[in-house]
$ cat final-v7.tsv   # TSV, C-alpha atoms
chain	number	residue	atom	x	y	z
A	1	MET	CA	13.60	-0.50	267.16
A	2	GLU	CA	10.25	0.34	265.61
A	3	THR	CA	9.11	-1.14	262.32
A	4	SER	CA	6.99	0.51	259.62
A	5	GLY	CA	3.93	-1.20	260.99
A	6	SER	CA	4.44	-0.01	264.55
A	7	PRO	CA	2.13	2.59	266.16
A	8	GLY	CA	4.97	5.14	266.43
A	9	ALA	CA	5.70	5.08	262.72
A	10	ALA	CA	2.02	5.50	261.82
A	11	GLY	CA	1.70	8.52	264.10
A	12	ARG	CA	4.67	10.26	262.49
A	13	SER	CA	4.03	9.58	258.76
A	14	GLY	CA	0.24	9.63	258.33
A	15	LEU	CA	-2.88	11.67	259.16
A	16	ARG	CA	-5.23	10.84	261.93
A	17	PRO	CA	-8.52	9.38	260.67
A	18	ALA	CA	-10.52	12.33	262.01
A	19	GLY	CA	-8.26	14.90	260.33
A	20	LEU	CA	-8.39	13.06	257.03
A	21	PHE	CA	-12.19	12.91	257.16
A	22	TRP	CA	-12.57	16.67	257.70
A	23	ALA	CA	-10.01	17.47	255.01
A	24	LEU	CA	-11.83	15.33	252.45
A	25	LEU	CA	-15.14	16.87	253.52
A	26	LEU	CA	-13.79	20.39	252.95
A	27	VAL	CA	-12.43	19.44	249.53
A	28	ALA	CA	-15.77	17.88	248.53
A	29	GLY	CA	-17.70	20.95	249.70
A	30	ALA	CA	-15.42	23.32	247.78
A	31	ALA	CA	-15.75	21.19	244.66
A	32	LEU	CA	-19.56	21.23	244.90
A	33	LEU	CA	-19.58	25.02	245.39
A	34	VAL	CA	-17.34	25.65	242.39
A	35	ALA	CA	-19.36	23.22	240.24
A	36	GLY	CA	-22.61	24.99	241.12
A	37	LEU	CA	-21.26	28.48	240.43
A	38	TRP	CA	-19.07	27.72	237.41
A	39	PRO	CA	-20.26	29.62	234.31
A	40	ARG	CA	-21.89	27.72	231.47
A	41	GLU	CA	-19.61	26.72	228.64
A	42	PRO	CA	-20.69	27.13	225.00
A	43	ASP	CA	-20.65	23.37	224.44
A	44	ASP	CA	-23.24	22.67	227.15
A	45	ASP	CA	-26.58	21.18	226.13
A	46	SER	CA	-28.31	24.29	227.43
A	47	ALA	CA	-26.76	26.45	224.68
A	48	TRP	CA	-29.60	25.56	222.28
A	49	ASP	CA	-32.31	27.05	224.51
A	50	ALA	CA	-30.21	29.94	225.84
A	51	PRO	CA	-31.67	33.31	224.75
A	52	ASP	CA	-29.85	36.25	223.17
A	53	THR	CA	-26.42	34.61	222.97
A	54	THR	CA	-24.29	34.22	219.87
A	55	PHE	CA	-23.32	30.73	221.04
A	56	SER	CA	-26.88	29.42	220.62
A	57	PRO	CA	-28.09	28.20	217.20
A	58	GLY	CA	-31.59	27.74	218.64
A	59	PRO	CA	-34.62	29.88	217.79
A	60	ARG	CA	-33.98	32.32	220.67
A	61	GLY	CA	-30.22	32.64	220.05
A	62	THR	CA	-28.40	35.23	217.94
A	63	LYS	CA	-25.79	33.05	216.26
A	64	ALA	CA	-27.20	33.80	212.79
A	65	LEU	CA	-26.64	37.53	213.39
A	66	PHE	CA	-23.06	36.86	214.53
A	67	LEU	CA	-22.35	34.81	211.40
A	68	LEU	CA	-24.03	37.41	209.16
A	69	LEU	CA	-21.86	40.24	210.48
A	70	SER	CA	-18.75	38.06	210.18
A	71	GLN	CA	-19.58	37.30	206.54
A	72	GLU	CA	-20.15	41.03	205.98
A	73	GLY	CA	-16.48	41.57	206.78
A	74	LEU	CA	-16.99	43.24	210.16
A	75	PRO	CA	-14.47	42.47	212.95
A	76	VAL	CA	-16.83	40.71	215.39
A	77	THR	CA	-15.70	39.30	218.75
A	78	ARG	CA	-17.40	37.63	221.71
A	79	LEU	CA	-16.62	39.37	225.02
A	80	ARG	CA	-16.75	36.81	227.85
A	81	ARG	CA	-15.66	39.01	230.76
A	82	PRO	CA	-16.78	42.50	231.92
A	83	SER	CA	-13.55	44.23	230.87
A	84	TYR	CA	-15.40	47.22	229.43
A	85	ASP	CA	-12.73	49.64	230.62
A	86	ARG	CA	-10.17	47.88	228.38
A	87	LEU	CA	-12.15	48.08	225.14
A	88	PRO	CA	-10.85	50.29	222.28
A	89	PRO	CA	-12.29	53.82	222.55
A	90	ARG	CA	-14.18	53.65	219.23
A	91	ALA	CA	-15.44	50.10	219.63
A	92	ALA	CA	-19.12	49.10	219.78
A	93	LEU	CA	-20.44	46.83	222.54
A	94	TRP	CA	-23.72	45.01	221.82
A	95	ASP	CA	-25.85	43.64	224.67
A	96	LEU	CA	-29.16	42.32	223.34
A	97	SER	CA	-30.13	40.50	226.56
A	98	PRO	CA	-32.68	41.90	229.06
A	99	GLU	CA	-30.34	41.25	232.02
A	100	ARG	CA	-29.68	44.21	234.34
A	101	LEU	CA	-26.14	45.49	234.85
A	102	GLY	CA	-24.26	45.14	238.13
A	103	PRO	CA	-22.80	48.17	239.99
A	104	LEU	CA	-19.22	47.65	238.78
A	105	GLU	CA	-20.36	46.87	235.25
A	106	ARG	CA	-22.36	50.12	235.11
A	107	ARG	CA	-19.35	52.15	236.21
A	108	TRP	CA	-16.95	50.54	233.72
A	109	LEU	CA	-19.49	50.76	230.90
A	110	ALA	CA	-20.23	54.45	231.55
A	111	GLY	CA	-16.49	55.18	231.42
A	112	PHE	CA	-16.17	53.28	228.14
A	113	VAL	CA	-18.99	55.28	226.50
A	114	ARG	CA	-17.77	58.65	227.81
A	115	ALA	CA	-14.33	57.91	226.33
A	116	GLY	CA	-15.82	57.54	222.84
A	117	GLY	CA	-17.30	54.03	222.76
A	118	THR	CA	-20.76	52.98	221.58
A	119	PHE	CA	-23.16	50.85	223.61
A	120	VAL	CA	-26.00	49.08	221.78
A	121	GLY	CA	-28.70	47.54	223.98
A	122	GLY	CA	-32.34	47.13	224.94
A	123	PRO	CA	-34.46	48.68	227.70
A	124	GLY	CA	-32.89	46.97	230.74
A	125	PRO	CA	-29.20	47.75	230.13
A	126	VAL	CA	-29.96	51.22	228.75
A	127	ARG	CA	-31.94	52.11	231.90
A	128	ASP	CA	-29.04	51.05	234.13
A	129	LEU	CA	-26.43	52.85	232.04
A	130	ALA	CA	-28.49	56.07	232.00
A	131	ALA	CA	-28.83	55.94	235.80
A	132	GLU	CA	-25.07	55.48	236.26
A	133	ALA	CA	-24.33	58.34	233.85
A	134	GLY	CA	-26.72	60.70	235.65
A	135	LEU	CA	-29.04	61.07	232.66
A	136	PRO	CA	-32.81	61.56	233.01
A	137	GLY	CA	-34.65	58.32	233.66
A	138	PRO	CA	-35.95	56.94	230.34
A	139	GLU	CA	-39.46	55.61	229.91
A	140	PHE	CA	-40.22	52.58	227.75
A	141	LEU	CA	-43.52	51.63	226.16
A	142	GLU	CA	-44.14	48.20	224.64
A	143	LYS	CA	-46.69	48.11	221.85
A	144	GLU	CA	-47.82	45.99	218.93
A	145	GLY	CA	-47.80	47.35	215.41
A	146	ALA	CA	-45.60	48.13	212.42
A	147	VAL	CA	-42.40	50.16	212.50
A	148	GLU	CA	-40.92	52.47	209.85
A	149	GLU	CA	-37.31	52.65	208.61
A	150	PRO	CA	-36.40	55.96	206.91
A	151	GLY	CA	-34.30	54.19	204.28
A	152	GLY	CA	-37.21	52.06	203.08
A	153	LEU	CA	-36.22	48.69	204.59
A	154	ASP	CA	-39.07	46.37	205.52
A	155	VAL	CA	-38.36	45.60	209.20
A	156	GLN	CA	-40.91	43.08	210.45
A	157	VAL	CA	-41.65	42.79	214.19
A	158	GLU	CA	-44.68	41.79	216.21
A	159	ARG	CA	-43.94	44.04	219.20
A	160	SER	CA	-41.48	46.83	219.85
A	161	TRP	CA	-40.32	49.12	222.66
A	162	SER	CA	-40.20	52.88	222.20
A	163	ILE	CA	-38.13	55.23	224.36
A	164	ALA	CA	-38.87	58.67	225.80
A	165	GLY	CA	-37.40	60.92	228.48
A	166	LEU	CA	-33.71	60.43	227.63
A	167	GLY	CA	-33.47	63.68	225.70
A	168	VAL	CA	-33.60	64.45	221.99
A	169	PRO	CA	-32.08	61.59	219.99
A	170	ALA	CA	-29.16	62.47	217.73
A	171	ARG	CA	-30.36	59.97	215.15
A	172	VAL	CA	-33.43	57.76	214.67
A	173	ASP	CA	-33.06	54.59	212.61
A	174	LEU	CA	-36.48	53.09	213.35
A	175	ARG	CA	-39.73	54.55	214.62
A	176	ARG	CA	-43.40	53.74	215.02
A	177	GLU	CA	-46.16	55.25	212.95
A	178	GLU	CA	-46.69	57.94	215.59
A	179	LYS	CA	-42.99	58.91	215.17
A	180	THR	CA	-41.83	57.64	218.59
A	181	PRO	CA	-38.22	56.32	218.34
A	182	VAL	CA	-37.65	52.57	218.49
A	183	VAL	CA	-33.97	52.50	217.46
A	184	ALA	CA	-32.17	55.76	218.24
A	185	ASP	CA	-28.82	57.31	219.28
A	186	PHE	CA	-28.31	59.36	222.45
A	187	PRO	CA	-24.97	61.13	223.07
A	188	LEU	CA	-22.96	60.54	226.25
A	189	GLY	CA	-19.58	62.23	226.58
A	190	ARG	CA	-17.58	61.51	223.43
A	191	GLY	CA	-19.60	58.33	222.80
A	192	ARG	CA	-23.22	57.35	222.41
A	193	ILE	CA	-25.94	55.01	223.60
A	194	VAL	CA	-27.86	53.25	220.82
A	195	PHE	CA	-31.24	52.07	222.11
A	196	VAL	CA	-32.67	49.03	220.29
A	197	GLY	CA	-36.34	48.39	221.00
A	198	ILE	CA	-36.56	45.35	218.70
A	199	THR	CA	-33.95	43.02	220.23
A	200	ALA	CA	-36.23	40.03	219.57
A	201	ALA	CA	-35.92	40.71	215.82
A	202	ALA	CA	-32.21	39.83	216.03
A	203	ARG	CA	-32.94	36.28	217.17
A	204	ASP	CA	-32.39	33.32	214.87
A	205	ASP	CA	-36.10	32.71	214.27
A	206	GLN	CA	-36.74	36.32	213.16
A	207	ILE	CA	-33.50	37.58	211.59
A	208	GLY	CA	-34.57	36.21	208.20
A	209	ARG	CA	-37.98	37.94	208.17
A	210	GLY	CA	-38.33	40.85	205.76
A	211	ASP	CA	-35.28	43.11	205.92
A	212	ASN	CA	-34.42	42.36	209.55
A	213	GLY	CA	-31.00	40.98	208.60
A	214	PRO	CA	-30.00	43.91	206.34
A	215	PHE	CA	-31.23	46.38	208.98
A	216	PHE	CA	-29.02	44.96	211.72
A	217	ALA	CA	-26.10	44.68	209.28
A	218	ARG	CA	-26.37	48.39	208.45
A	219	LEU	CA	-26.78	49.29	212.11
A	220	ALA	CA	-23.61	47.35	212.93
A	221	ARG	CA	-21.65	49.07	210.16
A	222	ARG	CA	-22.33	52.53	211.53
A	223	THR	CA	-22.09	51.87	215.28
A	224	GLY	CA	-18.32	51.33	215.37
A	225	SER	CA	-15.45	48.92	214.87
A	226	PRO	CA	-14.41	46.50	216.24
A	227	LEU	CA	-17.74	45.11	217.38
A	228	PHE	CA	-18.10	43.08	220.59
A	229	PHE	CA	-21.05	40.92	221.69
A	230	ASP	CA	-21.34	40.88	225.49
A	231	GLU	CA	-21.55	37.16	226.34
A	232	PHE	CA	-20.84	37.82	230.01
A	233	GLN	CA	-24.39	39.16	230.43
A	234	THR	CA	-25.91	36.11	228.69
A	235	GLY	CA	-24.33	33.70	231.18
A	236	PHE	CA	-21.49	32.48	228.96
A	237	GLY	CA	-18.72	34.43	230.65
A	238	ASP	CA	-15.58	32.87	232.04
A	239	GLU	CA	-15.52	34.71	235.37
A	240	GLY	CA	-18.73	33.59	237.10
A	241	LEU	CA	-17.17	32.80	240.50
A	242	ALA	CA	-14.96	35.91	240.46
A	243	ARG	CA	-17.98	38.11	239.71
A	244	LEU	CA	-19.94	36.63	242.62
A	245	LEU	CA	-17.11	37.21	245.08
A	246	ALA	CA	-16.51	40.75	243.79
A	247	SER	CA	-20.16	41.76	244.36
A	248	ALA	CA	-20.57	40.08	247.77
A	249	PRO	CA	-21.04	42.55	250.71
A	250	TYR	CA	-18.39	40.76	252.82
A	251	ARG	CA	-16.08	39.84	249.95
A	252	TRP	CA	-12.86	40.66	251.84
A	253	GLY	CA	-13.88	38.46	254.74
A	254	LEU	CA	-14.80	35.67	252.34
A	255	LEU	CA	-11.47	36.10	250.60
A	256	GLN	CA	-9.55	35.84	253.85
A	257	GLY	CA	-11.51	32.74	254.83
A	258	ALA	CA	-10.85	31.16	251.44
A	259	LEU	CA	-7.15	31.96	251.77
A	260	ALA	CA	-7.02	30.34	255.21
A	261	LEU	CA	-8.79	27.26	253.80
A	262	VAL	CA	-6.36	27.02	250.91
A	263	LEU	CA	-3.33	27.34	253.19
A	264	GLY	CA	-4.77	24.68	255.48
A	265	LEU	CA	-5.32	22.29	252.60
A	266	LEU	CA	-1.83	22.96	251.27
A	267	GLY	CA	-0.49	22.03	254.68
A	268	LEU	CA	-2.28	18.67	254.49
A	269	PHE	CA	-1.80	17.69	250.86
A	270	ALA	CA	0.99	18.13	248.33
A	271	ARG	CA	0.17	19.66	244.98
A	272	ARG	CA	-0.01	16.94	242.32
A	273	GLU	CA	-0.39	18.90	239.09
A	274	VAL	CA	-0.10	22.46	237.86
A	275	ALA	CA	-3.18	24.57	237.18
A	276	ARG	CA	-4.19	25.02	233.57
A	277	ALA	CA	-6.60	27.37	231.90
A	278	ALA	CA	-9.89	26.08	230.55
A	279	ASP	CA	-9.92	25.21	226.87
A	280	PRO	CA	-11.19	28.09	224.71
A	281	PRO	CA	-14.65	27.67	223.19
A	282	ARG	CA	-14.60	25.87	219.90
A	283	ARG	CA	-15.86	27.87	216.95
A	284	ARG	CA	-18.06	25.74	214.79
A	285	ARG	CA	-18.01	26.12	211.01
A	286	THR	CA	-20.64	24.73	208.70
A	287	ASP	CA	-20.44	24.25	204.96
A	288	ASP	CA	-23.74	26.02	204.32
A	289	GLN	CA	-22.83	29.41	205.83
A	290	VAL	CA	-22.04	30.94	202.45
A	291	ALA	CA	-25.23	29.50	200.92
A	292	ALA	CA	-27.27	30.84	203.84
A	293	LEU	CA	-25.75	34.31	203.41
A	294	ALA	CA	-26.48	34.28	199.68
A	295	ARG	CA	-30.07	33.22	200.39
A	296	LEU	CA	-30.44	36.06	202.89
A	297	TRP	CA	-29.17	38.58	200.32
A	298	ARG	CA	-31.53	37.19	197.71
A	299	GLN	CA	-34.52	37.40	200.06
A	300	GLY	CA	-33.57	40.92	201.12
A	301	ASP	CA	-33.41	42.01	197.45
A	302	ASP	CA	-30.72	44.57	198.29
A	303	ALA	CA	-27.74	44.67	195.94
A	304	GLY	CA	-26.03	47.19	198.22
A	305	LEU	CA	-25.12	44.53	200.78
A	306	PRO	CA	-22.86	42.36	198.56
A	307	LEU	CA	-21.41	45.51	196.99
A	308	GLY	CA	-20.52	46.77	200.47
A	309	VAL	CA	-18.78	43.48	201.27
A	310	LEU	CA	-16.72	43.63	198.05
A	311	LEU	CA	-15.69	47.22	198.74
A	312	SER	CA	-14.70	46.36	202.31
A	313	ALA	CA	-12.55	43.48	201.06
A	314	ALA	CA	-10.87	45.66	198.43
A	315	ALA	CA	-10.18	48.34	201.05
A	316	GLU	CA	-8.60	45.80	203.42
A	317	ARG	CA	-6.39	44.42	200.65
A	318	ALA	CA	-5.26	47.94	199.76
A	319	ARG	CA	-4.57	48.75	203.42
A	320	GLY	CA	-2.42	45.63	203.66
A	321	ARG	CA	-0.43	46.63	200.59
A	322	LEU	CA	0.14	50.03	202.19
A	323	SER	CA	1.44	48.27	205.34
A	324	GLY	CA	-1.54	49.50	207.34
A	325	ALA	CA	-0.88	53.17	206.53
A	326	GLY	CA	-4.08	53.71	204.55
A	327	GLY	CA	-6.47	56.46	205.60
A	328	PHE	CA	-10.25	56.70	205.31
A	329	GLU	CA	-10.24	55.40	201.69
A	330	PRO	CA	-7.20	53.11	201.34
A	331	PHE	CA	-8.08	51.80	197.86
A	332	PRO	CA	-7.77	55.14	195.98
A	333	GLU	CA	-4.69	55.95	198.10
A	334	TRP	CA	-3.04	52.67	197.08
A	335	VAL	CA	-3.78	53.30	193.39
A	336	ALA	CA	-2.33	56.82	193.69
A	337	VAL	CA	0.91	55.42	195.15
A	338	VAL	CA	1.37	52.65	192.55
A	339	ARG	CA	-0.16	54.30	189.45
A	340	PRO	CA	-0.45	58.06	190.00
A	341	GLU	CA	-1.93	58.52	186.51
A	342	LEU	CA	-4.96	56.41	187.58
A	343	ALA	CA	-5.58	58.25	190.87
A	344	GLU	CA	-8.42	60.42	189.59
A	345	ARG	CA	-10.17	57.45	187.99
A	346	ALA	CA	-9.80	55.42	191.19
A	347	ARG	CA	-11.32	58.16	193.33
A	348	ASP	CA	-14.24	58.57	190.92
A	349	LEU	CA	-14.98	54.83	190.73
A	350	TRP	CA	-14.68	54.40	194.48
A	351	SER	CA	-16.95	57.34	195.37
A	352	ARG	CA	-19.69	56.16	192.99
A	353	ALA	CA	-19.48	52.57	194.27
A	354	ALA	CA	-19.56	53.68	197.92
A	355	ALA	CA	-22.59	55.88	197.23
A	356	LEU	CA	-24.43	52.92	195.67
A	357	ALA	CA	-23.54	50.65	198.60
A	358	GLY	CA	-24.95	53.18	201.06
A	359	ARG	CA	-28.31	53.43	199.31
A	360	ALA	CA	-31.32	51.30	200.19
A	361	ARG	CA	-31.84	48.78	197.35
A	362	PRO	CA	-29.68	50.31	194.60
A	363	PRO	CA	-30.25	49.00	191.04
A	364	ALA	CA	-28.69	45.56	190.74
A	365	GLY	CA	-27.20	46.30	187.32
A	366	ARG	CA	-25.45	49.45	188.50
A	367	ALA	CA	-24.18	47.67	191.63
A	368	ARG	CA	-22.69	44.85	189.54
A	369	GLN	CA	-21.11	47.34	187.16
A	370	ALA	CA	-19.57	49.33	190.04
A	371	ALA	CA	-18.12	46.18	191.62
A	372	ALA	CA	-16.72	45.00	188.27
A	373	GLU	CA	-15.08	48.38	187.57
A	374	VAL	CA	-13.36	48.45	190.99
A	375	LEU	CA	-12.09	44.87	190.61
A	376	GLU	CA	-10.90	45.50	187.03
A	377	LEU	CA	-9.00	48.59	188.19
A	378	GLU	CA	-7.38	46.55	190.96
A	379	LYS	CA	-6.27	43.91	188.44
A	380	GLU	CA	-4.92	46.60	186.12
A	381	VAL	CA	-2.80	48.13	188.91
A	382	LEU	CA	-1.53	44.74	190.05
A	383	ALA	CA	-0.57	43.75	186.49
A	384	TRP	CA	1.59	46.86	186.06

$ encode --input "final-v7.tsv" --output "structure tokens"
Amino acid sequence: METSGSPGAAGRSGLRPAGLFWALLLVAGAALLVAGLWPREPDDDSAWDAPDTTFSPGPRGTKALFLLLSQEGLPVTRLRRPSYDRLPPRAALWDLSPERLGPLERRWLAGFVRAGGTFVGGPGPVRDLAAEAGLPGPEFLEKEGAVEEPGGLDVQVERSWSIAGLGVPARVDLRREEKTPVVADFPLGRGRIVFVGITAAARDDQIGRGDNGPFFARLARRTGSPLFFDEFQTGFGDEGLARLLASAPYRWGLLQGALALVLGLLGLFARREVARAADPPRRRRTDDQVAALARLWRQGDDAGLPLGVLLSAAAERARGRLSGAGGFEPFPEWVAVVRPELAERARDLWSRAAALAGRARPPAGRARQAAAEVLELEKEVLAW
């Protein structure tokens, strides 16, 4: 009778030393590969120096722009995977990084824009998207000098890119002195491409210069809603390994090899714990966000920005009271439902306030009066 320490028992219940060595070696190699290709998380030390990402509070990041648009009442979201084909048809996707688009990303992005979406980006992504869509190849020219904003905003940049060769722009928001477009719209299907030749002005170290902040806030308001920042292109996506395998020339062979390796490891070792998803990125909140936004408004000297925020908040409250059934102007519609005798007054107050909010630097006194009249009317309807 054999005991547990006999050679026969060891041969039946354990692994041979050579097999155990190779199994551990394979596991270690796979772990090193995954660790080297795993995408950067927002909490990494490298986030401070990372450029053009809303996760970075450093001088080259765009976190201040993300917070500004959030405080403006815009529905802003970080997109961490290239699921462009699943975005809402009237959404706006912002990509302020110079990174080029991959083949699959170009195809999905072109389909998103043709279906009615808006893409906002700089020279690199716009060139790739135009090529995928079959548009004429655009030409970009980098140059020093001032830029002009038709609405009178003081946009301050040291250098800018102009665009030519993509057709006649449907709208120009920023141009050089020689009238070449720097920020302009180009139609594509039912959507549009918005070229931004001053992406550096959106960074944290330049967003507070002149009217840079108000300019990007107004650009965001008109490009679409909801608004997504493409963090996949900045390196903060959550599908780094999947993207590499999807773009590999022999991806199916690699997939079959990986499957064989996994089945072999499962035959050697029992699973000890269930897989779990990575923790979502933590959203940091600071106590001085409101003070920073107020300081930005004060420096911009534009009373239309806070008025626009107040009107957006009043419209959202009215839409909620209508159970989401409000139309283009939910506030006057809500007043007409609750107090029909005040409907005409509500429409008049709302149209005058909206016109003031859309102007460049409206008179501060008139803006305050318009906001007060709308809020007083809301209180009067609620008190009824």

$ closest_atom_pairs --input "final-v7.tsv" --of "stretch 164-228 of chain A" --to "stretch 137-142 of chain A" --cutoff "8 Å" --atoms "only C-alpha atoms" --output "CSV"
residue,atom,partner,partner_atom,distance
A:Ala164,CA,A:Glu139,CA,5.2
A:Gly165,CA,A:Pro138,CA,4.6
A:Leu166,CA,A:Pro138,CA,5.0

$ closest_residue --input "final-v7.tsv" --among "A:Leu311, A:Leu135, A:Leu25, A:Leu96" --to "A:Glu72" --atoms "all atoms listed in the file"
A:Leu311

$ closest_residue --input "final-v7.tsv" --among "A:Asp154, A:Asp185, A:Asp230, A:Asp211" --to "A:Arg78" --atoms "all atoms listed in the file"
A:Asp230

$ residues_near_point --input "final-v7.tsv" --point "(-17.1, 54.2, 195.6)" --cutoff "10 Å" --atoms "all atoms listed in the file" --output "ChimeraX atom specification"
/A:307-308,311,329,331-332,346-358,370-371,374

$ residues_near_point --input "final-v7.tsv" --point "(-42.4, 48.8, 213.3)" --cutoff "9 Å" --atoms "only C-alpha atoms" --output "list in words"
Glu144, Gly145, Ala146, Val147, Glu148, Glu149, Asp154, Val155, Gln156, Val157, Glu158, Arg159, Ser160, Leu174, Arg175, Arg176, Glu177, Val182 and Ile198 of chain A

$ write_last_selection --input "final-v7.tsv" --atoms "C-alpha atoms" --output "PDB file, in the frame of the given file"
ATOM      1  CA  GLU A 144     -47.820  45.990 218.930  1.00  0.00           C
ATOM      2  CA  GLY A 145     -47.800  47.350 215.410  1.00  0.00           C
ATOM      3  CA  ALA A 146     -45.600  48.130 212.420  1.00  0.00           C
ATOM      4  CA  VAL A 147     -42.400  50.160 212.500  1.00  0.00           C
ATOM      5  CA  GLU A 148     -40.920  52.470 209.850  1.00  0.00           C
ATOM      6  CA  GLU A 149     -37.310  52.650 208.610  1.00  0.00           C
ATOM      7  CA  ASP A 154     -39.070  46.370 205.520  1.00  0.00           C
ATOM      8  CA  VAL A 155     -38.360  45.600 209.200  1.00  0.00           C
ATOM      9  CA  GLN A 156     -40.910  43.080 210.450  1.00  0.00           C
ATOM     10  CA  VAL A 157     -41.650  42.790 214.190  1.00  0.00           C
ATOM     11  CA  GLU A 158     -44.680  41.790 216.210  1.00  0.00           C
ATOM     12  CA  ARG A 159     -43.940  44.040 219.200  1.00  0.00           C
ATOM     13  CA  SER A 160     -41.480  46.830 219.850  1.00  0.00           C
ATOM     14  CA  LEU A 174     -36.480  53.090 213.350  1.00  0.00           C
ATOM     15  CA  ARG A 175     -39.730  54.550 214.620  1.00  0.00           C
ATOM     16  CA  ARG A 176     -43.400  53.740 215.020  1.00  0.00           C
ATOM     17  CA  GLU A 177     -46.160  55.250 212.950  1.00  0.00           C
ATOM     18  CA  VAL A 182     -37.650  52.570 218.490  1.00  0.00           C
ATOM     19  CA  ILE A 198     -36.560  45.350 218.700  1.00  0.00           C
TER      20      ILE A 198
END

$ atom_distance --input "final-v7.tsv" --atom1 "atom CA of A:Glu380" --atom2 "atom CA of A:Leu74"
27.1 Å

$ closest_residue --input "final-v7.tsv" --among "A:Gly224, A:Lys143, A:Ala170, A:Gly213" --to "A:Pro89" --atoms "all atoms listed in the file"
A:Gly224

$ atom_distance --input "final-v7.tsv" --atom1 "atom CA of A:Asp52" --atom2 "atom CA of A:Phe232"
11.4 Å

$ atom_distance --input "final-v7.tsv" --atom1 "atom CA of A:Lys179" --atom2 "atom CA of A:Gly197"
13.7 Å

$ axis_aligned_box --input "final-v7.tsv" --around "stretch 98-113 of chain A" --padding-each-side "6 Å" --output "lines of an AutoDock Vina configuration file"
center_x = -24.4
center_y = 48.3
center_z = 233.2
size_x = 28.5
size_y = 26.0
size_z = 25.5

$ closest_residue --input "final-v7.tsv" --among "A:Glu373, A:Ala383, A:Gly365, A:Gly58" --to "A:Arg339" --atoms "all atoms listed in the file"
A:Ala383

$ closest_residue --input "final-v7.tsv" --among "A:Pro226, A:Pro362, A:Gly122, A:Pro75" --to "A:Arg100" --atoms "all atoms listed in the file"
A:Gly122
